[in-house]
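Visitor: Structure: model32.pdb, PDB, C-alpha atoms.
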MODEL        1
ATOM      1  CA  MET Q   1     -13.683  21.088 -19.593
ATOM      2  CA  ALA Q   2     -16.832  21.064 -17.507
ATOM      3  CA  ILE Q   3     -16.564  21.232 -13.738
ATOM      4  CA  LYS Q   4     -18.237  18.267 -12.074
ATOM      5  CA  SER Q   5     -19.448  17.738  -8.549
ATOM      6  CA  ALA Q   6     -18.831  14.488  -6.702
ATOM      7  CA  HIS Q   7     -22.156  14.938  -4.902
ATOM      8  CA  GLY Q   8     -24.189  11.741  -4.926
ATOM      9  CA  VAL Q   9     -21.400   9.313  -5.857
ATOM     10  CA  GLU Q  10     -22.208   5.777  -4.765
ATOM     11  CA  VAL Q  11     -19.794   2.928  -4.070
ATOM     12  CA  LYS Q  12     -20.879  -0.703  -4.222
ATOM     13  CA  PHE Q  13     -18.780  -3.332  -2.435
ATOM     14  CA  THR Q  14     -19.454  -7.013  -3.018
ATOM     15  CA  PRO Q  15     -17.345  -9.187  -0.715
ATOM     16  CA  SER Q  16     -16.244 -12.580  -2.038
ATOM     17  CA  GLY Q  17     -19.083 -14.987  -1.340
ATOM     18  CA  GLY Q  18     -21.288 -12.231   0.074
ATOM     19  CA  SER Q  19     -23.979  -9.832  -1.048
ATOM     20  CA  ALA Q  20     -23.446  -6.316  -2.372
ATOM     21  CA  THR Q  21     -23.808  -3.214  -0.206
ATOM     22  CA  THR Q  22     -24.133   0.263  -1.723
ATOM     23  CA  PHE Q  23     -22.749   3.238   0.188
ATOM     24  CA  ASN Q  24     -23.404   6.974  -0.280
ATOM     25  CA  VAL Q  25     -19.938   8.485  -0.125
ATOM     26  CA  THR Q  26     -18.924  11.933   1.054
ATOM     27  CA  ASN Q  27     -15.339  11.705  -0.141
ATOM     28  CA  VAL Q  28     -13.584   9.363  -2.573
ATOM     29  CA  GLN Q  29      -9.955   9.312  -3.645
ATOM     30  CA  ILE Q  30      -8.416   6.999  -6.227
ATOM     31  CA  SER Q  31      -4.622   6.815  -6.399
ATOM     32  CA  GLU Q  32      -2.635   4.906  -8.982
ATOM     33  CA  THR Q  33       1.146   4.771  -8.959
ATOM     34  CA  ALA Q  34       3.727   2.858 -10.960
ATOM     35  CA  ASP Q  35       7.020   1.549  -9.657
ATOM     36  CA  VAL Q  36       9.784   2.256 -12.125
ATOM     37  CA  VAL Q  37      13.211   0.704 -12.401
ATOM     38  CA  ASP Q  38      16.203   2.695 -13.603
ATOM     39  CA  SER Q  39      17.522   0.628 -16.505
ATOM     40  CA  SER Q  40      20.333   2.992 -17.499
ATOM     41  CA  HIS Q  41      23.953   2.003 -16.950
ATOM     42  CA  LEU Q  42      27.185   3.711 -15.944
ATOM     43  CA  GLY Q  43      28.436   3.731 -19.543
ATOM     44  CA  LEU Q  44      25.967   6.440 -20.598
ATOM     45  CA  ALA Q  45      27.357   9.535 -22.288
ATOM     46  CA  GLN Q  46      27.355  12.701 -20.187
ATOM     47  CA  SER Q  47      24.360  14.237 -21.999
ATOM     48  CA  ALA Q  48      22.382  10.990 -22.275
ATOM     49  CA  ARG Q  49      19.068  10.586 -20.484
ATOM     50  CA  LYS Q  50      18.287   7.854 -18.029
ATOM     51  CA  THR Q  51      15.885   5.164 -19.156
ATOM     52  CA  PHE Q  52      13.221   3.631 -16.986
ATOM     53  CA  ILE Q  53      11.162   0.448 -17.185
ATOM     54  CA  THR Q  54       7.659   0.490 -15.710
ATOM     55  CA  GLY Q  55       7.297  -2.140 -13.059
ATOM     56  CA  LEU Q  56       4.337  -2.997 -10.903
ATOM     57  CA  LEU Q  57       1.252  -0.811 -10.821
ATOM     58  CA  ASP Q  58      -0.255   0.010  -7.452
ATOM     59  CA  ALA Q  59      -3.770   1.322  -6.909
ATOM     60  CA  GLU Q  60      -5.519   2.434  -3.744
ATOM     61  CA  VAL Q  61      -9.072   3.647  -3.156
ATOM     62  CA  THR Q  62     -10.097   5.541  -0.015
ATOM     63  CA  PHE Q  63     -13.619   6.723   0.701
ATOM     64  CA  ASP Q  64     -15.765   8.066   3.518
ATOM     65  CA  TYR Q  65     -19.391   6.982   3.647
ATOM     66  CA  ILE Q  66     -22.630   7.465   5.528
ATOM     67  CA  SER Q  67     -23.751   4.157   7.026
ATOM     68  CA  ASP Q  68     -23.681   2.072  10.199
ATOM     69  CA  THR Q  69     -21.997  -0.815   8.358
ATOM     70  CA  LEU Q  70     -18.313  -1.440   9.071
ATOM     71  CA  ILE Q  71     -16.194  -2.669   6.172
ATOM     72  CA  SER Q  72     -13.721  -4.909   7.978
ATOM     73  CA  SER Q  73     -10.012  -4.980   7.243
ATOM     74  CA  GLY Q  74      -9.097  -8.089   5.269
ATOM     75  CA  GLU Q  75     -12.398  -8.302   3.369
ATOM     76  CA  SER Q  76     -11.863  -8.791  -0.363
ATOM     77  CA  GLY Q  77     -14.178  -8.507  -3.330
ATOM     78  CA  ALA Q  78     -15.406  -6.259  -6.123
ATOM     79  CA  LEU Q  79     -15.488  -2.490  -5.689
ATOM     80  CA  GLU Q  80     -17.546  -0.330  -8.049
ATOM     81  CA  ILE Q  81     -17.466   3.469  -7.841
ATOM     82  CA  GLY Q  82     -20.097   5.551  -9.586
ATOM     83  CA  THR Q  83     -22.796   2.893  -9.830
ATOM     84  CA  ASN Q  84     -25.545   5.528  -9.971
ATOM     85  CA  THR Q  85     -26.587   6.764 -13.420
ATOM     86  CA  ASP Q  86     -25.657  10.414 -12.807
ATOM     87  CA  ALA Q  87     -22.205   9.694 -11.348
ATOM     88  CA  PRO Q  88     -19.477  12.098 -12.514
ATOM     89  CA  PHE Q  89     -16.966   9.237 -12.911
ATOM     90  CA  THR Q  90     -16.708   5.465 -12.612
ATOM     91  CA  TYR Q  91     -14.002   3.086 -11.445
ATOM     92  CA  ASN Q  92     -14.317  -0.686 -11.164
ATOM     93  CA  ALA Q  93     -11.962  -2.974  -9.286
ATOM     94  CA  THR Q  94     -12.693  -6.681  -9.526
ATOM     95  CA  ASP Q  95     -10.145  -7.662  -6.850
ATOM     96  CA  ALA Q  96      -9.899  -5.168  -3.978
ATOM     97  CA  THR Q  97      -8.890  -5.833  -0.373
ATOM     98  CA  CYS Q  98      -9.818  -3.583   2.534
ATOM     99  CA  THR Q  99      -6.644  -2.584   4.393
ATOM    100  CA  SER Q 100      -8.327  -0.218   6.836
ATOM    101  CA  GLY Q 101     -11.910   0.229   7.973
ATOM    102  CA  SER Q 102     -13.406   2.477  10.642
ATOM    103  CA  LEU Q 103     -16.831   3.493  11.849
ATOM    104  CA  GLY Q 104     -17.859   6.238  14.234
ATOM    105  CA  GLY Q 105     -20.166   9.077  15.061
ATOM    106  CA  THR Q 106     -20.738  12.038  17.300
ATOM    107  CA  VAL Q 107     -23.841  13.311  19.044
ATOM    108  CA  GLY Q 108     -26.032  15.209  16.595
ATOM    109  CA  ASP Q 109     -24.252  13.876  13.518
ATOM    110  CA  LEU Q 110     -24.672  10.924  11.176
ATOM    111  CA  VAL Q 111     -22.876   7.614  11.703
ATOM    112  CA  LYS Q 112     -20.001   7.552   9.206
ATOM    113  CA  GLY Q 113     -17.387   5.094   8.084
ATOM    114  CA  SER Q 114     -14.132   5.179   6.206
ATOM    115  CA  ALA Q 115     -12.397   2.461   4.196
ATOM    116  CA  THR Q 116      -9.148   2.069   2.299
ATOM    117  CA  PHE Q 117      -8.699  -0.623  -0.330
ATOM    118  CA  LYS Q 118      -5.638  -1.930  -2.142
ATOM    119  CA  VAL Q 119      -6.645  -2.796  -5.670
ATOM    120  CA  ALA Q 120      -5.178  -5.715  -7.625
ATOM    121  CA  THR Q 121      -7.296  -5.717 -10.799
ATOM    122  CA  VAL Q 122      -8.984  -2.733 -12.467
ATOM    123  CA  SER Q 123     -11.588  -3.377 -15.157
TER     124      SER Q 123
ENDMDL
END
Show me this structure written as structure tokens.
Guide:
Amino acid sequence: MAIKSAHGVEVKFTPSGGSATTFNVTNVQISETADVVDSSHLGLAQSARKTFITGLLDAEVTFDYISDTLISSGESGALEIGTNTDAPFTYNATDATCTSGSLGGTVGDLVKGSATFKVATVS
């Protein structure tokens, strides 16, 4: 397996009814989890294994970016990660909602933002 760098990953966010903005990201994390339900019953034999049913899937994307544009909490739209041709990975969410957005800077440093999205539909 080749080691890949996340250097140069771009994220494009297109809010519903708005125009797309592309961000150069410095950090991106994609988390997917599945809720499971224990479907076993008390009548199982002592050596039997529990059985589980997969329930709802939950996905969250968090990234830090270099820009003076704030992605506001509550904004929804399409989120595309790795839109540049040399991106080490891609991830597309057609229905993502920003749950947290921040923007800030310090003297002598770039203006940076951070955003967290809950993802409903992955394509």
Visitor: Give me the result of the PyMOL selection byres ((chain Q and resi 90-96) around 6) on this file, residue by residue, as a tab-separated table (two decimals) with C-alpha atoms, in the frame of the given file.
Guide:
chain	number	residue	atom	x	y	z
Q	76	SER	CA	-11.86	-8.79	-0.36
Q	77	GLY	CA	-14.18	-8.51	-3.33
Q	78	ALA	CA	-15.41	-6.26	-6.12
Q	79	LEU	CA	-15.49	-2.49	-5.69
Q	80	GLU	CA	-17.55	-0.33	-8.05
Q	81	ILE	CA	-17.47	3.47	-7.84
Q	82	GLY	CA	-20.10	5.55	-9.59
Q	89	PHE	CA	-16.97	9.24	-12.91
Q	97	THR	CA	-8.89	-5.83	-0.37
Q	117	PHE	CA	-8.70	-0.62	-0.33
Q	118	LYS	CA	-5.64	-1.93	-2.14
Q	119	VAL	CA	-6.64	-2.80	-5.67
Q	120	ALA	CA	-5.18	-5.72	-7.62
Q	121	THR	CA	-7.30	-5.72	-10.80
Q	122	VAL	CA	-8.98	-2.73	-12.47
Q	123	SER	CA	-11.59	-3.38	-15.16
Visitor: Between atom CA of Q:Leu56 and atom CA of Q:Ser16, measure the distance and give it in Å to one decimal.
Guide: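 Those two atoms sit 24.4 Å apart.
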Visitor: Pick from Q:Ala87, Q:Ala115, Q:Thr99, Q:Glu75: nearest to Q:Gly18, with all atoms listed in the file counted?
Guide: Q:Glu75
Visitor: Determine, counting all atoms listed in the file, which protein, DNA and RNA residues have an atom within 7 Å of an atom of Q:Leu57; residues of the same chain fewer than 6 positions away are not included. Present the result as an mmCIF file with C-alpha atoms, in the frame of the given file.
Guide:
data_model
loop_
_atom_site.group_PDB
_atom_site.id
_atom_site.type_symbol
_atom_site.label_atom_id
_atom_site.label_comp_id
_atom_site.auth_asym_id
_atom_site.auth_seq_id
_atom_site.Cartn_x
_atom_site.Cartn_y
_atom_site.Cartn_z
ATOM 1 C CA THR Q 33 1.146 4.771 -8.959
ATOM 2 C CA ALA Q 34 3.727 2.858 -10.960
ATOM 3 C CA ASP Q 35 7.020 1.549 -9.657
#
Visitor: Find the residue from Q:Thr51, Q:Ser72, Q:Thr83, Q:Asn24 that sits nearest to Q:Thr116; use all atoms listed in the file when measuring.
Guide: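 Counting all atoms listed in the file, the residue closest to Q:Thr116 is Q:Ser72.
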Visitor: Kindly indicate which residue among Q:Asn84, Q:Gln46, Q:Thr26, Q:Ser40 lies nearest to Q:Leu110, using only C-alpha atoms for the distances.
Guide: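 Ranking Q:Asn84, Q:Gln46, Q:Thr26, Q:Ser40 by distance to Q:Leu110, first place goes to Q:Thr26.
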Visitor: Please provide as a PDB file with C-alpha atoms, in the coordinates of the input all residues within 12 Å of Q:Lys50, with the sequence filter that same-chain residues fewer than 6 positions apart are discarded (counting all atoms listed in the file).
Guide:
ATOM      1  CA  VAL Q  36       9.784   2.256 -12.125  1.00  0.00           C
ATOM      2  CA  VAL Q  37      13.211   0.704 -12.401  1.00  0.00           C
ATOM      3  CA  ASP Q  38      16.203   2.695 -13.603  1.00  0.00           C
ATOM      4  CA  SER Q  39      17.522   0.628 -16.505  1.00  0.00           C
ATOM      5  CA  SER Q  40      20.333   2.992 -17.499  1.00  0.00           C
ATOM      6  CA  HIS Q  41      23.953   2.003 -16.950  1.00  0.00           C
ATOM      7  CA  LEU Q  42      27.185   3.711 -15.944  1.00  0.00           C
ATOM      8  CA  GLY Q  43      28.436   3.731 -19.543  1.00  0.00           C
ATOM      9  CA  LEU Q  44      25.967   6.440 -20.598  1.00  0.00           C
TER      10      LEU Q  44
END
Visitor: With distances taken over all atoms listed in the file, which residue among Q:Ile30, Q:Val111, Q:Ile53, Q:Ala45 lies nearest Q:Asp68?
Guide: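 Comparing Q:Ile30, Q:Val111, Q:Ile53, Q:Ala45 against Q:Asp68, the winner is Q:Val111.
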Visitor: Give me, please, the distance in Å between atom CA of Q:Gly104 and atom CA of Q:Glu60, quoted to one decimal.
Guide: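 A separation of 22.1 Å between them.
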Visitor: May I ask which of the residues Q:Ser47, Q:Gly74, Q:Val25, Q:Glu32 is the closest one to Q:Ala59, counting all atoms listed in the file?
Guide: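 Comparing Q:Ser47, Q:Gly74, Q:Val25, Q:Glu32 against Q:Ala59, the winner is Q:Glu32.
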Visitor: I'd like the neighbourhood of Q:Val28 as a compact mmCIF listing (two decimals) with C-alpha atoms, in the frame of the given file, where a residue qualifies if any of its atoms comes within 8 Å (using all atoms listed in the file), though same-chain residues fewer than 5 positions away should be ignored.
Guide:
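Wrote it out as selection.txt, contents follow:
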# COMPACT_ATOMS: atom_id res chain seq x y z
CA VAL Q 61 -9.07 3.65 -3.16
CA THR Q 62 -10.10 5.54 -0.02
CA PHE Q 63 -13.62 6.72 0.70
CA ASP Q 64 -15.76 8.07 3.52
Visitor: Which distance in Å separates atom CA of Q:Cys98 and atom CA of Q:Thr14, to one decimal?
Guide: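 Going from atom CA of Q:Cys98 over to atom CA of Q:Thr14 covers 11.6 Å.
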Visitor: From the options Q:Gly101, Q:Gly8, Q:Gly108, Q:Pro15, which residue's atoms come nearest to Q:Ile71, counting only C-alpha atoms?
Guide: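 Ranked by minimum distance to Q:Ile71, first place goes to Q:Gly101.
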